[in-house]
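What follows is structure-v8.pdb (PDB, C-alpha atoms, pLDDT in the B column).
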```
ATOM      1  CA  MET A   2     -23.182 -51.259 -38.219  1.00 83.00           C
ATOM      2  CA  LYS A   3     -20.479 -48.596 -38.461  1.00 93.00           C
ATOM      3  CA  ILE A   4     -17.655 -47.238 -36.317  1.00 95.00           C
ATOM      4  CA  GLU A   5     -18.646 -44.080 -34.447  1.00 96.00           C
ATOM      5  CA  PHE A   6     -15.620 -41.800 -34.747  1.00 97.00           C
ATOM      6  CA  LYS A   7     -15.419 -38.909 -32.249  1.00 96.00           C
ATOM      7  CA  ARG A   8     -12.202 -37.118 -33.164  1.00 96.00           C
ATOM      8  CA  LEU A   9      -8.567 -37.435 -34.147  1.00 96.00           C
ATOM      9  CA  ASP A  10      -6.740 -38.071 -30.862  1.00 96.00           C
ATOM     10  CA  HIS A  11      -3.108 -38.081 -31.982  1.00 96.00           C
ATOM     11  CA  ILE A  12      -0.672 -38.671 -34.793  1.00 95.00           C
ATOM     12  CA  MET A  13       2.502 -40.673 -34.243  1.00 92.00           C
ATOM     13  CA  LEU A  14       5.707 -39.951 -36.141  1.00 89.00           C
ATOM     14  CA  CYS A  15       9.069 -41.659 -35.788  1.00 89.00           C
ATOM     15  CA  PHE A  16      12.729 -40.674 -35.605  1.00 88.00           C
ATOM     16  CA  PRO A  17      15.949 -42.750 -35.827  1.00 86.00           C
ATOM     17  CA  VAL A  18      17.135 -44.555 -32.692  1.00 90.00           C
ATOM     18  CA  GLY A  19      19.488 -42.379 -30.646  1.00 91.00           C
ATOM     19  CA  LYS A  20      18.035 -39.072 -31.881  1.00 90.00           C
ATOM     20  CA  GLU A  21      15.710 -38.362 -28.922  1.00 93.00           C
ATOM     21  CA  GLU A  22      17.350 -35.053 -28.003  1.00 94.00           C
ATOM     22  CA  GLU A  23      17.316 -33.853 -31.624  1.00 93.00           C
ATOM     23  CA  ALA A  24      13.625 -34.783 -31.799  1.00 93.00           C
ATOM     24  CA  ARG A  25      12.897 -32.841 -28.588  1.00 95.00           C
ATOM     25  CA  GLU A  26      14.868 -29.871 -29.920  1.00 94.00           C
ATOM     26  CA  PHE A  27      12.977 -29.825 -33.219  1.00 89.00           C
ATOM     27  CA  TYR A  28       9.439 -30.401 -31.963  1.00 92.00           C
ATOM     28  CA  GLY A  29       9.827 -28.530 -28.670  1.00 95.00           C
ATOM     29  CA  ASN A  30      12.093 -25.627 -29.548  1.00 93.00           C
ATOM     30  CA  VAL A  31      11.850 -25.187 -33.315  1.00 88.00           C
ATOM     31  CA  LEU A  32       8.104 -25.915 -33.655  1.00 88.00           C
ATOM     32  CA  GLY A  33       7.333 -24.595 -30.172  1.00 91.00           C
ATOM     33  CA  LEU A  34       5.220 -27.558 -29.021  1.00 94.00           C
ATOM     34  CA  LYS A  35       4.782 -28.171 -25.287  1.00 97.00           C
ATOM     35  CA  GLU A  36       6.057 -31.577 -24.196  1.00 97.00           C
ATOM     36  CA  ILE A  37       3.533 -33.541 -22.139  1.00 96.00           C
ATOM     37  CA  THR A  38       5.336 -34.779 -19.046  1.00 92.00           C
ATOM     38  CA  ASP A  39       2.553 -34.972 -16.442  1.00 91.00           C
ATOM     39  CA  THR A  40       0.524 -38.005 -17.560  1.00 90.00           C
ATOM     40  CA  GLY A  41       0.779 -39.768 -14.188  1.00 91.00           C
ATOM     41  CA  TYR A  42       2.136 -42.901 -15.880  1.00 91.00           C
ATOM     42  CA  PRO A  43       5.190 -43.831 -17.963  1.00 91.00           C
ATOM     43  CA  LEU A  44       4.727 -43.398 -21.695  1.00 91.00           C
ATOM     44  CA  PRO A  45       4.816 -46.640 -23.718  1.00 87.00           C
ATOM     45  CA  ASN A  46       7.815 -47.708 -25.793  1.00 86.00           C
ATOM     46  CA  GLY A  47       9.961 -44.664 -25.001  1.00 87.00           C
ATOM     47  CA  ALA A  48       7.466 -42.290 -26.637  1.00 94.00           C
ATOM     48  CA  ILE A  49       7.676 -38.512 -26.309  1.00 96.00           C
ATOM     49  CA  TRP A  50       4.336 -36.689 -26.382  1.00 96.00           C
ATOM     50  CA  PHE A  51       3.620 -33.084 -27.349  1.00 96.00           C
ATOM     51  CA  GLN A  52       0.427 -31.033 -27.307  1.00 96.00           C
ATOM     52  CA  MET A  53      -0.464 -29.743 -30.772  1.00 93.00           C
ATOM     53  CA  GLY A  54      -3.606 -27.627 -30.625  1.00 91.00           C
ATOM     54  CA  ASP A  55      -6.444 -29.926 -29.569  1.00 93.00           C
ATOM     55  CA  ILE A  56      -4.620 -33.144 -30.544  1.00 95.00           C
ATOM     56  CA  GLN A  57      -1.346 -34.721 -29.509  1.00 95.00           C
ATOM     57  CA  LEU A  58       1.787 -35.544 -31.460  1.00 93.00           C
ATOM     58  CA  HIS A  59       3.478 -38.744 -30.278  1.00 95.00           C
ATOM     59  CA  ILE A  60       7.005 -39.491 -31.472  1.00 93.00           C
ATOM     60  CA  ARG A  61       9.333 -42.413 -30.829  1.00 92.00           C
ATOM     61  CA  ALA A  62      12.445 -44.093 -32.159  1.00 91.00           C
ATOM     62  CA  GLU A  63      12.073 -46.606 -34.969  1.00 88.00           C
ATOM     63  CA  ASN A  64      14.490 -48.454 -37.247  1.00 85.00           C
ATOM     64  CA  ASN A  65      12.136 -50.712 -39.212  1.00 74.00           C
ATOM     65  CA  HIS A  66      10.373 -48.593 -41.831  1.00 65.00           C
ATOM     66  CA  GLU A  67       8.925 -51.582 -43.717  1.00 68.00           C
ATOM     67  CA  HIS A  68       6.108 -51.947 -41.160  1.00 72.00           C
ATOM     68  CA  SER A  69       6.328 -48.506 -39.656  1.00 84.00           C
ATOM     69  CA  GLN A  70       4.491 -47.691 -36.456  1.00 87.00           C
ATOM     70  CA  ARG A  71       3.564 -44.225 -37.796  1.00 90.00           C
ATOM     71  CA  HIS A  72      -0.193 -43.780 -37.590  1.00 94.00           C
ATOM     72  CA  PRO A  73      -3.203 -41.607 -36.874  1.00 94.00           C
ATOM     73  CA  ALA A  74      -5.221 -42.553 -33.776  1.00 95.00           C
ATOM     74  CA  PHE A  75      -8.940 -41.927 -33.736  1.00 95.00           C
ATOM     75  CA  GLU A  76     -11.070 -41.769 -30.613  1.00 96.00           C
ATOM     76  CA  VAL A  77     -14.295 -43.738 -31.023  1.00 96.00           C
ATOM     77  CA  HIS A  78     -17.525 -44.030 -29.015  1.00 95.00           C
ATOM     78  CA  ASN A  79     -17.651 -47.830 -28.681  1.00 95.00           C
ATOM     79  CA  LEU A  80     -14.345 -49.626 -29.093  1.00 97.00           C
ATOM     80  CA  GLU A  81     -15.807 -53.111 -28.657  1.00 97.00           C
ATOM     81  CA  ALA A  82     -18.387 -52.509 -31.401  1.00 96.00           C
ATOM     82  CA  ALA A  83     -15.564 -51.310 -33.680  1.00 96.00           C
ATOM     83  CA  ARG A  84     -13.568 -54.430 -32.797  1.00 96.00           C
ATOM     84  CA  LYS A  85     -16.494 -56.705 -33.689  1.00 96.00           C
ATOM     85  CA  LEU A  86     -17.107 -54.899 -36.976  1.00 94.00           C
ATOM     86  CA  LEU A  87     -13.473 -55.168 -38.081  1.00 95.00           C
ATOM     87  CA  GLU A  88     -13.263 -58.810 -36.990  1.00 96.00           C
ATOM     88  CA  SER A  89     -16.423 -59.556 -39.005  1.00 95.00           C
ATOM     89  CA  HIS A  90     -14.440 -58.397 -42.061  1.00 95.00           C
ATOM     90  CA  HIS A  91     -11.522 -60.683 -41.080  1.00 96.00           C
ATOM     91  CA  ILE A  92      -9.228 -57.731 -40.356  1.00 95.00           C
ATOM     92  CA  GLU A  93      -6.333 -58.662 -38.085  1.00 96.00           C
ATOM     93  CA  LEU A  94      -6.287 -56.565 -34.908  1.00 97.00           C
ATOM     94  CA  LYS A  95      -3.319 -55.894 -32.626  1.00 97.00           C
ATOM     95  CA  ASN A  96      -3.838 -55.118 -28.946  1.00 95.00           C
ATOM     96  CA  GLU A  97      -1.464 -52.292 -28.091  1.00 93.00           C
ATOM     97  CA  SER A  98       0.552 -51.720 -24.912  1.00 90.00           C
ATOM     98  CA  LYS A  99      -1.533 -50.644 -21.919  1.00 90.00           C
ATOM     99  CA  ILE A 100      -2.090 -46.968 -21.156  1.00 90.00           C
ATOM    100  CA  PRO A 101      -4.096 -46.399 -17.939  1.00 91.00           C
ATOM    101  CA  ASP A 102      -6.616 -43.850 -19.261  1.00 93.00           C
ATOM    102  CA  ARG A 103      -7.562 -45.550 -22.537  1.00 95.00           C
ATOM    103  CA  ASN A 104      -8.312 -48.847 -24.240  1.00 97.00           C
ATOM    104  CA  ARG A 105      -6.899 -49.260 -27.725  1.00 97.00           C
ATOM    105  CA  PHE A 106      -5.993 -51.526 -30.586  1.00 97.00           C
ATOM    106  CA  SER A 107      -4.626 -51.083 -34.080  1.00 96.00           C
ATOM    107  CA  PHE A 108      -4.969 -52.640 -37.502  1.00 91.00           C
ATOM    108  CA  ARG A 109      -3.522 -52.186 -40.961  1.00 89.00           C
ATOM    109  CA  ASP A 110      -5.541 -51.132 -43.964  1.00 86.00           C
ATOM    110  CA  PRO A 111      -5.182 -53.120 -47.227  1.00 76.00           C
ATOM    111  CA  PHE A 112      -2.202 -50.915 -48.147  1.00 68.00           C
ATOM    112  CA  GLY A 113      -0.185 -51.470 -44.946  1.00 79.00           C
ATOM    113  CA  ASN A 114      -1.090 -48.196 -43.223  1.00 80.00           C
ATOM    114  CA  ARG A 115      -1.459 -48.573 -39.459  1.00 90.00           C
ATOM    115  CA  ILE A 116      -4.616 -47.133 -37.859  1.00 92.00           C
ATOM    116  CA  GLU A 117      -5.243 -47.009 -34.106  1.00 95.00           C
ATOM    117  CA  LEU A 118      -8.644 -46.787 -32.443  1.00 96.00           C
ATOM    118  CA  ILE A 119      -8.981 -45.522 -28.854  1.00 97.00           C
ATOM    119  CA  GLU A 120     -11.727 -45.314 -26.268  1.00 97.00           C
ATOM    120  CA  MET A 121     -10.993 -43.062 -23.285  1.00 95.00           C
ATOM    121  CA  LEU A 122     -11.812 -44.489 -19.838  1.00 93.00           C
TER
END
```

Represent the structure contained in this file as structure tokens.
Amino acid sequence: MKIEFKRLDHIMLCFPVGKEEEAREFYGNVLGLKEITDTGYPLPNGAIWFQMGDIQLHIRAENNHEHSQRHPAFEVHNLEAARKLLESHHIELKNESKIPDRNRFSFRDPFGNRIELIEML
């Protein structure tokens, strides 16, 4: 059994708490990315989303860099099969906050890097 990866969905980066407007200025005006504001639902955890080619860049405030929330998110074909595979290897999974158009969870690799897997609904 293996995980069937489809594509990279998004990358999440972080900025210091209280720097939301500076983050919008940099990513929106300096880099010229279009902010995604028409999702039809509130974005989780105060995130700000931008379109970056055919993937998205998600950014949000973070103070704790020891277990950073920075991560790549990969869309997969069968999230439940991926869940079962990772659990069979005794990898701890974290169910993430709900987003209406996707199911998702994350895990950390042996080096502490966070990886998110997503299945679009």

- prompt: Using all atoms listed in the file, which residue out of A:Gly33, A:Ile119, A:Arg25, A:Met2 lies closest to Lys99 (chain A)?
  reply: A:Ile119

Could you give me, as a PDB file with C-alpha atoms, keeping the file's coordinate frame, the residues within 8 Å of region 39-54 of chain A, counting all atoms listed in the file and dropping anything in the same chain fewer than 3 positions from it?
```pdb
ATOM      1  CA  TYR A  28       9.439 -30.401 -31.963  1.00 92.00           C
ATOM      2  CA  GLY A  29       9.827 -28.530 -28.670  1.00 95.00           C
ATOM      3  CA  LEU A  34       5.220 -27.558 -29.021  1.00 94.00           C
ATOM      4  CA  LYS A  35       4.782 -28.171 -25.287  1.00 97.00           C
ATOM      5  CA  GLU A  36       6.057 -31.577 -24.196  1.00 97.00           C
ATOM      6  CA  GLN A  57      -1.346 -34.721 -29.509  1.00 95.00           C
ATOM      7  CA  LEU A  58       1.787 -35.544 -31.460  1.00 93.00           C
ATOM      8  CA  HIS A  59       3.478 -38.744 -30.278  1.00 95.00           C
ATOM      9  CA  ILE A  60       7.005 -39.491 -31.472  1.00 93.00           C
ATOM     10  CA  ARG A  61       9.333 -42.413 -30.829  1.00 92.00           C
ATOM     11  CA  ALA A  62      12.445 -44.093 -32.159  1.00 91.00           C
ATOM     12  CA  SER A  98       0.552 -51.720 -24.912  1.00 90.00           C
ATOM     13  CA  LYS A  99      -1.533 -50.644 -21.919  1.00 90.00           C
ATOM     14  CA  ILE A 100      -2.090 -46.968 -21.156  1.00 90.00           C
ATOM     15  CA  PRO A 101      -4.096 -46.399 -17.939  1.00 91.00           C
TER      16      PRO A 101
END
```

- prompt: Taking the file as shown, what set of residues would the PyMOL selection byres ((chain A and resi 9) around 12) give back, as a VMD selection string?
  reply: chain A and resid 6 to 8 10 to 13 53 to 58 72 to 77 116 to 120

task: Between CA of Arg84 (chain A) and CA of Gly113 (chain A), measure the distance and give it in Å to one decimal.
output: 18.3 Å

task: Have a look at CA of Asp110 (chain A) and CA of Ala82 (chain A) and let me know their distance in Å, one decimal.
output: 18.0 Å

task: For a cut-off of 7 Å around (-3.8, -55.2, -31.0), file coordinates, pick out all residues using only C-alpha atoms and list them as number ranges by chain.
output: A: 94-97, 106-107

task: Have a look at A:Phe108, A:Glu22, A:Val31, A:Leu86 and name the one nearest to Arg71 (chain A); count all atoms listed in the file.
output: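 Under the stated criterion, the closest residue is A:Phe108.
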
task: Would you kindly return, as a PyMOL selection string, each protein, DNA or RNA residue with an atom no farther than 8 Å from any atom of Glu5 (chain A), considering only C-alpha atoms and excluding same-chain residues fewer than 6 positions away?
output: chain A and resi 77-79+83

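The gap separating CA of Arg115 (chain A) from CA of Glu81 (chain A) is 18.5 Å, in Å to one decimal.
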
- prompt: Pick the closest to Phe16 (chain A) from A:Leu80, A:Asp102, A:Ser89, A:Asn64: which is it, counting only C-alpha atoms?
  reply: A:Asn64

Among listed residues A:Leu32, A:Asn104, A:Phe27, A:Pro111, nearest His91 (chain A) (using only C-alpha atoms):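 Under the stated criterion, the closest residue is A:Pro111.
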